[in-house]
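S.K.: Just so it is clear, I am handing over entry17.pdb, which has PDB, C-alpha atoms.
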ATOM      1  CA  MET X 392     -13.765  23.650  -9.429  1.00  0.00           C
ATOM      2  CA  ALA X 393     -12.313  23.433  -5.905  1.00  0.00           C
ATOM      3  CA  GLY X 394     -11.918  26.705  -4.062  1.00  0.00           C
ATOM      4  CA  THR X 395      -8.793  27.941  -2.395  1.00  0.00           C
ATOM      5  CA  ASN X 396     -10.115  26.816   0.986  1.00  0.00           C
ATOM      6  CA  SER X 397     -11.066  23.280  -0.075  1.00  0.00           C
ATOM      7  CA  PRO X 398      -9.765  20.476   2.170  1.00  0.00           C
ATOM      8  CA  GLU X 399      -7.721  19.045  -0.722  1.00  0.00           C
ATOM      9  CA  ASP X 400      -5.427  22.065  -0.561  1.00  0.00           C
ATOM     10  CA  ALA X 401      -4.207  21.112   2.912  1.00  0.00           C
ATOM     11  CA  TYR X 402      -2.875  17.734   1.719  1.00  0.00           C
ATOM     12  CA  THR X 403      -3.682  15.876   4.925  1.00  0.00           C
ATOM     13  CA  ALA X 404      -6.272  13.220   5.723  1.00  0.00           C
ATOM     14  CA  ALA X 405      -6.064  14.017   9.447  1.00  0.00           C
ATOM     15  CA  PRO X 406      -9.400  15.930   9.642  1.00  0.00           C
ATOM     16  CA  PHE X 407     -11.197  12.913   8.132  1.00  0.00           C
ATOM     17  CA  VAL X 408      -9.790  10.288  10.533  1.00  0.00           C
ATOM     18  CA  PRO X 409     -12.221   9.794  13.441  1.00  0.00           C
ATOM     19  CA  ASP X 410     -10.801   9.428  16.949  1.00  0.00           C
ATOM     20  CA  GLY X 411     -11.320   6.109  18.689  1.00  0.00           C
ATOM     21  CA  ALA X 412     -12.788   4.401  15.625  1.00  0.00           C
ATOM     22  CA  ASP X 413     -12.622   0.678  14.952  1.00  0.00           C
ATOM     23  CA  LEU X 414     -11.655  -0.654  11.518  1.00  0.00           C
ATOM     24  CA  GLY X 415     -15.224  -0.616  10.250  1.00  0.00           C
ATOM     25  CA  ALA X 416     -15.720   3.011  11.223  1.00  0.00           C
ATOM     26  CA  LEU X 417     -12.346   3.930   9.757  1.00  0.00           C
ATOM     27  CA  ARG X 418     -13.261   2.285   6.458  1.00  0.00           C
ATOM     28  CA  GLU X 419     -16.551   4.182   6.336  1.00  0.00           C
ATOM     29  CA  ALA X 420     -14.831   7.488   7.115  1.00  0.00           C
ATOM     30  CA  ALA X 421     -12.124   6.872   4.514  1.00  0.00           C
ATOM     31  CA  ALA X 422     -14.804   6.550   1.836  1.00  0.00           C
ATOM     32  CA  GLY X 423     -15.415  10.287   2.188  1.00  0.00           C
ATOM     33  CA  CYS X 424     -11.788  11.389   2.441  1.00  0.00           C
ATOM     34  CA  ARG X 425     -10.884  14.552   0.555  1.00  0.00           C
ATOM     35  CA  GLY X 426      -7.465  15.025   2.112  1.00  0.00           C
ATOM     36  CA  CYS X 427      -5.770  15.419  -1.282  1.00  0.00           C
ATOM     37  CA  PRO X 428      -6.929  15.858  -4.893  1.00  0.00           C
ATOM     38  CA  LEU X 429      -6.541  12.170  -5.832  1.00  0.00           C
ATOM     39  CA  HIS X 430     -10.103  11.331  -4.804  1.00  0.00           C
ATOM     40  CA  ARG X 431     -11.553  13.466  -7.599  1.00  0.00           C
ATOM     41  CA  GLU X 432     -10.776  11.138 -10.510  1.00  0.00           C
ATOM     42  CA  THR X 433     -11.091   7.724  -8.887  1.00  0.00           C
ATOM     43  CA  THR X 434     -14.012   5.339  -8.518  1.00  0.00           C
ATOM     44  CA  GLN X 435     -13.697   4.947  -4.755  1.00  0.00           C
ATOM     45  CA  THR X 436     -11.402   4.828  -1.745  1.00  0.00           C
ATOM     46  CA  VAL X 437      -9.652   1.475  -1.385  1.00  0.00           C
ATOM     47  CA  PHE X 438      -9.137   0.800   2.308  1.00  0.00           C
ATOM     48  CA  GLY X 439      -7.261  -2.080   3.919  1.00  0.00           C
ATOM     49  CA  ALA X 440      -8.724  -5.565   4.303  1.00  0.00           C
ATOM     50  CA  GLY X 441      -8.005  -8.820   6.056  1.00  0.00           C
ATOM     51  CA  ASP X 442      -7.659 -10.242   9.538  1.00  0.00           C
ATOM     52  CA  PRO X 443      -8.117  -7.511  12.192  1.00  0.00           C
ATOM     53  CA  ALA X 444      -6.064  -9.653  14.583  1.00  0.00           C
ATOM     54  CA  ALA X 445      -3.276 -10.224  12.049  1.00  0.00           C
ATOM     55  CA  ARG X 446       0.270 -10.636  13.307  1.00  0.00           C
ATOM     56  CA  ALA X 447       1.582  -9.647   9.863  1.00  0.00           C
ATOM     57  CA  MET X 448       0.557  -6.481   8.045  1.00  0.00           C
ATOM     58  CA  LEU X 449       1.392  -5.876   4.385  1.00  0.00           C
ATOM     59  CA  VAL X 450       1.648  -2.369   2.950  1.00  0.00           C
ATOM     60  CA  GLY X 451       1.764  -1.665  -0.784  1.00  0.00           C
ATOM     61  CA  GLU X 452       1.949   1.569  -2.741  1.00  0.00           C
ATOM     62  CA  GLN X 453      -1.579   2.365  -3.941  1.00  0.00           C
ATOM     63  CA  PRO X 454      -4.584   0.641  -5.523  1.00  0.00           C
ATOM     64  CA  GLY X 455      -4.388  -0.305  -9.172  1.00  0.00           C
ATOM     65  CA  ASP X 456      -7.097  -0.304 -11.840  1.00  0.00           C
ATOM     66  CA  GLN X 457      -8.844  -3.475 -10.640  1.00  0.00           C
ATOM     67  CA  GLU X 458      -8.602  -2.433  -7.007  1.00  0.00           C
ATOM     68  CA  ASP X 459     -10.173   0.936  -7.810  1.00  0.00           C
ATOM     69  CA  ARG X 460     -13.065  -0.776  -9.586  1.00  0.00           C
ATOM     70  CA  GLN X 461     -13.660  -3.431  -6.907  1.00  0.00           C
ATOM     71  CA  GLY X 462     -12.841  -1.381  -3.802  1.00  0.00           C
ATOM     72  CA  LYS X 463     -10.474  -3.988  -2.351  1.00  0.00           C
ATOM     73  CA  PRO X 464      -6.653  -4.036  -2.145  1.00  0.00           C
ATOM     74  CA  PHE X 465      -4.528  -6.483  -4.133  1.00  0.00           C
ATOM     75  CA  VAL X 466      -7.318  -8.166  -6.117  1.00  0.00           C
ATOM     76  CA  GLY X 467      -5.446  -7.904  -9.431  1.00  0.00           C
ATOM     77  CA  PRO X 468      -2.548  -9.970 -10.862  1.00  0.00           C
ATOM     78  CA  ALA X 469      -0.035  -8.643  -8.297  1.00  0.00           C
ATOM     79  CA  GLY X 470      -2.294  -9.849  -5.505  1.00  0.00           C
ATOM     80  CA  LYS X 471      -2.244 -13.387  -6.892  1.00  0.00           C
ATOM     81  CA  VAL X 472       1.552 -13.316  -7.004  1.00  0.00           C
ATOM     82  CA  LEU X 473       1.661 -12.056  -3.432  1.00  0.00           C
ATOM     83  CA  ASP X 474      -0.706 -14.729  -2.089  1.00  0.00           C
ATOM     84  CA  ARG X 475       1.356 -17.453  -3.711  1.00  0.00           C
ATOM     85  CA  ALA X 476       4.630 -16.015  -2.368  1.00  0.00           C
ATOM     86  CA  LEU X 477       3.249 -15.598   1.154  1.00  0.00           C
ATOM     87  CA  ALA X 478       2.082 -19.205   1.277  1.00  0.00           C
ATOM     88  CA  GLU X 479       5.434 -20.420  -0.032  1.00  0.00           C
ATOM     89  CA  ALA X 480       7.233 -18.362   2.620  1.00  0.00           C
ATOM     90  CA  GLY X 481       5.116 -19.877   5.400  1.00  0.00           C
ATOM     91  CA  ILE X 482       2.650 -17.016   5.997  1.00  0.00           C
ATOM     92  CA  ASP X 483      -1.058 -17.763   5.595  1.00  0.00           C
ATOM     93  CA  PRO X 484      -2.504 -14.977   3.387  1.00  0.00           C
ATOM     94  CA  ASP X 485      -5.846 -15.312   5.203  1.00  0.00           C
ATOM     95  CA  GLU X 486      -4.156 -14.400   8.484  1.00  0.00           C
ATOM     96  CA  THR X 487      -2.696 -11.114   7.245  1.00  0.00           C
ATOM     97  CA  TYR X 488      -3.998  -7.562   6.949  1.00  0.00           C
ATOM     98  CA  ILE X 489      -3.190  -5.804   3.695  1.00  0.00           C
ATOM     99  CA  THR X 490      -3.416  -2.150   2.769  1.00  0.00           C
ATOM    100  CA  ASN X 491      -1.712   0.576   0.750  1.00  0.00           C
ATOM    101  CA  ALA X 492       0.209   3.693   1.711  1.00  0.00           C
ATOM    102  CA  VAL X 493      -2.132   5.712  -0.552  1.00  0.00           C
ATOM    103  CA  LYS X 494      -5.827   4.837  -0.667  1.00  0.00           C
ATOM    104  CA  HIS X 495      -6.755   6.256  -4.092  1.00  0.00           C
ATOM    105  CA  PHE X 496      -5.629   5.126  -7.551  1.00  0.00           C
ATOM    106  CA  LYS X 497      -3.378   7.664  -9.259  1.00  0.00           C
ATOM    107  CA  PHE X 498      -3.298   7.250 -13.012  1.00  0.00           C
ATOM    108  CA  THR X 499      -2.768   8.922 -16.332  1.00  0.00           C
ATOM    109  CA  HIS X 500      -3.913   8.311 -19.899  1.00  0.00           C
ATOM    110  CA  VAL X 501      -1.426   7.593 -22.676  1.00  0.00           C
ATOM    111  CA  PRO X 502      -2.965   8.371 -26.096  1.00  0.00           C
ATOM    112  CA  GLU X 503      -1.464   5.358 -27.840  1.00  0.00           C
ATOM    113  CA  ARG X 504      -2.930   3.054 -25.162  1.00  0.00           C
ATOM    114  CA  GLY X 505      -6.495   4.229 -25.615  1.00  0.00           C
ATOM    115  CA  LYS X 506      -8.799   4.574 -22.628  1.00  0.00           C
ATOM    116  CA  ARG X 507      -6.684   2.361 -20.399  1.00  0.00           C
ATOM    117  CA  ARG X 508      -5.734   3.991 -17.077  1.00  0.00           C
ATOM    118  CA  ILE X 509      -1.971   3.809 -16.582  1.00  0.00           C
ATOM    119  CA  HIS X 510      -0.555   3.710 -13.043  1.00  0.00           C
ATOM    120  CA  LYS X 511       1.342   6.797 -11.923  1.00  0.00           C
ATOM    121  CA  PRO X 512       3.384   6.787  -8.670  1.00  0.00           C
ATOM    122  CA  PRO X 513       2.095   9.040  -5.880  1.00  0.00           C
ATOM    123  CA  SER X 514       4.103  12.128  -5.004  1.00  0.00           C
ATOM    124  CA  PRO X 515       5.756  12.554  -1.574  1.00  0.00           C
ATOM    125  CA  ARG X 516       3.046  15.110  -0.762  1.00  0.00           C
ATOM    126  CA  GLU X 517       0.264  12.644  -1.591  1.00  0.00           C
ATOM    127  CA  LEU X 518       2.052   9.940   0.399  1.00  0.00           C
ATOM    128  CA  SER X 519       2.267  12.218   3.420  1.00  0.00           C
ATOM    129  CA  ALA X 520      -1.369  13.294   3.054  1.00  0.00           C
ATOM    130  CA  CYS X 521      -2.570   9.702   3.325  1.00  0.00           C
ATOM    131  CA  GLY X 522      -0.286   8.900   6.280  1.00  0.00           C
ATOM    132  CA  PRO X 523      -2.952   9.397   8.992  1.00  0.00           C
ATOM    133  CA  TRP X 524      -5.033   6.526   7.560  1.00  0.00           C
ATOM    134  CA  LEU X 525      -2.057   4.174   7.559  1.00  0.00           C
ATOM    135  CA  GLU X 526      -1.095   5.266  11.057  1.00  0.00           C
ATOM    136  CA  ALA X 527      -4.614   4.522  12.305  1.00  0.00           C
ATOM    137  CA  GLU X 528      -4.541   1.067  10.676  1.00  0.00           C
ATOM    138  CA  VAL X 529      -1.168   0.216  12.205  1.00  0.00           C
ATOM    139  CA  GLU X 530      -2.379   1.313  15.629  1.00  0.00           C
ATOM    140  CA  LEU X 531      -5.541  -0.797  15.448  1.00  0.00           C
ATOM    141  CA  ILE X 532      -3.943  -3.925  13.981  1.00  0.00           C
ATOM    142  CA  GLY X 533      -0.846  -3.803  16.190  1.00  0.00           C
ATOM    143  CA  PRO X 534       1.110  -6.219  13.981  1.00  0.00           C
ATOM    144  CA  GLU X 535       4.262  -8.013  15.082  1.00  0.00           C
ATOM    145  CA  VAL X 536       5.796  -7.334  11.684  1.00  0.00           C
ATOM    146  CA  ILE X 537       4.965  -5.031   8.774  1.00  0.00           C
ATOM    147  CA  VAL X 538       6.074  -5.984   5.264  1.00  0.00           C
ATOM    148  CA  ALA X 539       6.735  -2.940   3.075  1.00  0.00           C
ATOM    149  CA  LEU X 540       5.995  -3.932  -0.518  1.00  0.00           C
ATOM    150  CA  GLY X 541       8.127  -1.773  -2.784  1.00  0.00           C
ATOM    151  CA  ALA X 542       9.916   1.553  -2.716  1.00  0.00           C
ATOM    152  CA  THR X 543       6.907   3.799  -2.110  1.00  0.00           C
ATOM    153  CA  ALA X 544       5.628   1.785   0.851  1.00  0.00           C
ATOM    154  CA  GLY X 545       9.169   1.689   2.197  1.00  0.00           C
ATOM    155  CA  LYS X 546       9.469   5.479   2.034  1.00  0.00           C
ATOM    156  CA  ALA X 547       6.090   5.879   3.761  1.00  0.00           C
ATOM    157  CA  LEU X 548       7.156   3.638   6.639  1.00  0.00           C
ATOM    158  CA  LEU X 549      10.919   4.149   6.828  1.00  0.00           C
ATOM    159  CA  GLY X 550      11.526   7.680   5.536  1.00  0.00           C
ATOM    160  CA  SER X 551      12.538   9.294   2.261  1.00  0.00           C
ATOM    161  CA  SER X 552      16.088   7.899   2.328  1.00  0.00           C
ATOM    162  CA  PHE X 553      14.828   4.309   2.056  1.00  0.00           C
ATOM    163  CA  ARG X 554      16.144   2.328  -0.921  1.00  0.00           C
ATOM    164  CA  VAL X 555      14.481  -1.008  -1.573  1.00  0.00           C
ATOM    165  CA  THR X 556      17.431  -2.424  -3.513  1.00  0.00           C
ATOM    166  CA  LYS X 557      19.761  -1.904  -0.543  1.00  0.00           C
ATOM    167  CA  GLU X 558      17.479  -2.687   2.385  1.00  0.00           C
ATOM    168  CA  ARG X 559      15.126  -5.415   1.217  1.00  0.00           C
ATOM    169  CA  GLY X 560      15.027  -8.583   3.294  1.00  0.00           C
ATOM    170  CA  THR X 561      16.311  -6.886   6.449  1.00  0.00           C
ATOM    171  CA  ARG X 562      14.639  -6.058   9.764  1.00  0.00           C
ATOM    172  CA  LEU X 563      14.233  -2.318  10.263  1.00  0.00           C
ATOM    173  CA  GLU X 564      12.480   0.035  12.653  1.00  0.00           C
ATOM    174  CA  GLY X 565       9.714   2.361  11.467  1.00  0.00           C
ATOM    175  CA  ASP X 566      10.639   6.015  10.924  1.00  0.00           C
ATOM    176  CA  ALA X 567      10.209   8.078  14.095  1.00  0.00           C
ATOM    177  CA  SER X 568       7.992  10.596  12.321  1.00  0.00           C
ATOM    178  CA  GLY X 569       6.167   8.117  10.104  1.00  0.00           C
ATOM    179  CA  PRO X 570       2.886   6.198  10.437  1.00  0.00           C
ATOM    180  CA  ALA X 571       4.571   3.091  11.891  1.00  0.00           C
ATOM    181  CA  ARG X 572       6.845   4.594  14.551  1.00  0.00           C
ATOM    182  CA  GLY X 573       9.065   1.977  16.139  1.00  0.00           C
ATOM    183  CA  ALA X 574       7.337  -0.967  14.439  1.00  0.00           C
ATOM    184  CA  LEU X 575       9.386  -3.863  13.052  1.00  0.00           C
ATOM    185  CA  ILE X 576       9.433  -3.629   9.270  1.00  0.00           C
ATOM    186  CA  VAL X 577      10.731  -6.039   6.639  1.00  0.00           C
ATOM    187  CA  PRO X 578      10.930  -4.383   3.210  1.00  0.00           C
ATOM    188  CA  THR X 579      10.784  -6.206  -0.099  1.00  0.00           C
ATOM    189  CA  ILE X 580       9.851  -5.539  -3.712  1.00  0.00           C
ATOM    190  CA  HIS X 581       6.288  -4.937  -4.823  1.00  0.00           C
ATOM    191  CA  PRO X 582       4.839  -8.147  -6.314  1.00  0.00           C
ATOM    192  CA  SER X 583       4.077  -6.260  -9.533  1.00  0.00           C
ATOM    193  CA  ALA X 584       7.853  -6.225 -10.100  1.00  0.00           C
ATOM    194  CA  VAL X 585       7.646  -9.981 -10.655  1.00  0.00           C
ATOM    195  CA  LEU X 586       5.113  -9.461 -13.435  1.00  0.00           C
ATOM    196  CA  ARG X 587       7.311  -6.873 -15.151  1.00  0.00           C
ATOM    197  CA  ALA X 588      10.550  -8.859 -14.886  1.00  0.00           C
ATOM    198  CA  ASP X 589      12.291 -10.626 -17.758  1.00  0.00           C
ATOM    199  CA  ASP X 590      13.323 -13.432 -15.400  1.00  0.00           C
ATOM    200  CA  ARG X 591      10.127 -13.759 -13.432  1.00  0.00           C
ATOM    201  CA  GLU X 592      11.135 -16.901 -11.560  1.00  0.00           C
ATOM    202  CA  ALA X 593      14.330 -15.384 -10.161  1.00  0.00           C
ATOM    203  CA  VAL X 594      12.570 -12.187  -9.080  1.00  0.00           C
ATOM    204  CA  TYR X 595       9.753 -14.226  -7.554  1.00  0.00           C
ATOM    205  CA  GLU X 596      12.227 -16.338  -5.573  1.00  0.00           C
ATOM    206  CA  GLY X 597      13.759 -13.135  -4.231  1.00  0.00           C
ATOM    207  CA  LEU X 598      10.333 -11.988  -3.046  1.00  0.00           C
ATOM    208  CA  VAL X 599       9.753 -15.310  -1.296  1.00  0.00           C
ATOM    209  CA  ALA X 600      13.181 -15.102   0.378  1.00  0.00           C
ATOM    210  CA  ASP X 601      12.364 -11.656   1.765  1.00  0.00           C
ATOM    211  CA  LEU X 602       8.970 -12.832   3.010  1.00  0.00           C
ATOM    212  CA  ARG X 603      10.671 -15.700   4.814  1.00  0.00           C
ATOM    213  CA  VAL X 604      12.472 -13.087   6.924  1.00  0.00           C
ATOM    214  CA  ALA X 605       9.069 -11.831   8.048  1.00  0.00           C
ATOM    215  CA  ALA X 606       7.938 -15.430   8.640  1.00  0.00           C
ATOM    216  CA  GLU X 607      10.937 -15.969  10.925  1.00  0.00           C
ATOM    217  CA  VAL X 608       9.812 -13.013  13.064  1.00  0.00           C
ATOM    218  CA  LEU X 609       6.428 -14.688  13.506  1.00  0.00           C
ATOM    219  CA  GLY X 610       8.098 -17.975  14.500  1.00  0.00           C
TER     220      GLY X 610
END
Before we go any further, please render this structure as structure tokens.

M.R.:
Amino acid sequence: MAGTNSPEDAYTAAPFVPDGADLGALREAAAGCRGCPLHRETTQTVFGAGDPAARAMLVGEQPGDQEDRQGKPFVGPAGKVLDRALAEAGIDPDETYITNAVKHFKFTHVPERGKRRIHKPPSPRELSACGPWLEAEVELIGPEVIVALGATAGKALLGSSFRVTKERGTRLEGDASGPARGALIVPTIHPSAVLRADDREAVYEGLVADLRVAAEVLG
């Protein structure tokens, strides 16, 4: 059992983020992060991946079940939806960098669903704790545009007042106290919303339309 002076109690990843590190060193350091209690129940840290020279950076909420098992972001069904939508919007998925606002899978068990791990949204405290990792990624990648995928990513980048339904598909500036200060951000829905929708095609087309706004920034 963790003691009262354990690093998890501080709810910040800052002590684990090495100064002057490149992406490889950051990824290695993140594997040992204990900046909040989420690391205790997960398989591994899921750090960002993709083109280190990417002009477009994509930020989701947190890893899911498949991501936690494989150690890579967006390798599940939502990732397939996202790759298809990016290509349709005119953004090459292979030329992007993709990560999550929170680097550990938060889940719960529902008795009637057996041993399956059910996604649970991160709390504002957990989101804030993981901010130093995201800030370091943004600084190293230096993207021309960041796409916030869903409400949680939007709050991490744009502040707690962000509402995805009102601000999706627009060009916004990163929150002054957040991990992407002053960066150009285009928010949209999380691709998992397409999978949950009754009218998948309409929701998917909305995602593509928002991504086209980001594509326009890239020219």

S.K.: Selection in question (the file shown): the PyMOL selection byres ((chain X and resi 577) around 9). Which residues does it include, as a VMD selection string?

M.R.: chain X and resid 536 to 540 558 to 564 575 to 576 578 to 579 601 to 602 604 to 605

S.K.: I'd like the interatomic distance between atom CA of X:Leu414 and atom CA of X:Ala440, to a tenth of an Å.

M.R.: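 Atom CA of X:Leu414 sits 9.2 Å away from atom CA of X:Ala440.
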
S.K.: Find the distance between atom CA of X:Ala404 and atom CA of X:Gln453 and write it in Å to one decimal.

M.R.: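 Interatomic distance here is 15.3 Å.
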
S.K.: In Å, rounded to a single decimal, give me how far atom CA of X:Glu535 is from atom CA of X:Leu477.

M.R.: 15.9 Å

S.K.: Which is closer to X:Thr499 than all the others in X:Ser519, X:Asn396, X:Ser583, X:Thr433, using only C-alpha atoms?

M.R.: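 Looking only at the distances to X:Thr499, the closest residue turns out to be X:Thr433.
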
S.K.: For X:Ala422, list every protein, DNA or RNA residue within 12 Å, evaluated using all atoms listed in the file, and leave out those in the same chain fewer than 2 positions away; present the list as a list in words.

M.R.: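 Final neighbour list, sorted by chain and number: Ala404, Phe407, Val408, Gly415, Ala416, Leu417, Arg418, Glu419, Ala420, Cys424, Arg425, Gly426, His430, Thr433, Thr434, Gln435, Thr436, Val437, Phe438, Gly439, Gly462, Lys494, His495 and Trp524 of chain X.
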
S.K.: Can you tell me, as a list in words, what residues are no more than 12 Å from X:Phe498 when counting all atoms listed in the file, ignoring any on the same chain fewer than 6 positions away?

M.R.: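 Residues meeting the cut-off are Leu429, His430, Arg431, Glu432, Thr433, Thr434, Gln453, Pro454, Gly455, Asp456, Asp459, Lys506, Arg507, Arg508, Ile509, His510, Lys511, Pro512, Pro513 and Ser514 of chain X.
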
S.K.: Identify, on the basis of all atoms listed in the file, every residue whose closest approach to X:Thr403 does not exceed 8 Å; exclude the query and any residue fewer than 6 positions from it along the same chain; express the result as a VMD selection string.

M.R.: chain X and resid 426 to 427 519 to 523

S.K.: Report as a list in words the full result of the PyMOL selection byres ((chain X and resi 473) around 10) when it is applied to this structure.

M.R.: Leu449, Phe465, Pro468, Ala469, Gly470, Lys471, Val472, Asp474, Arg475, Ala476, Leu477, Ala478, Glu479, Pro484, Leu540, His581, Pro582, Ser583, Val585, Tyr595, Leu598, Val599 and Leu602 of chain X
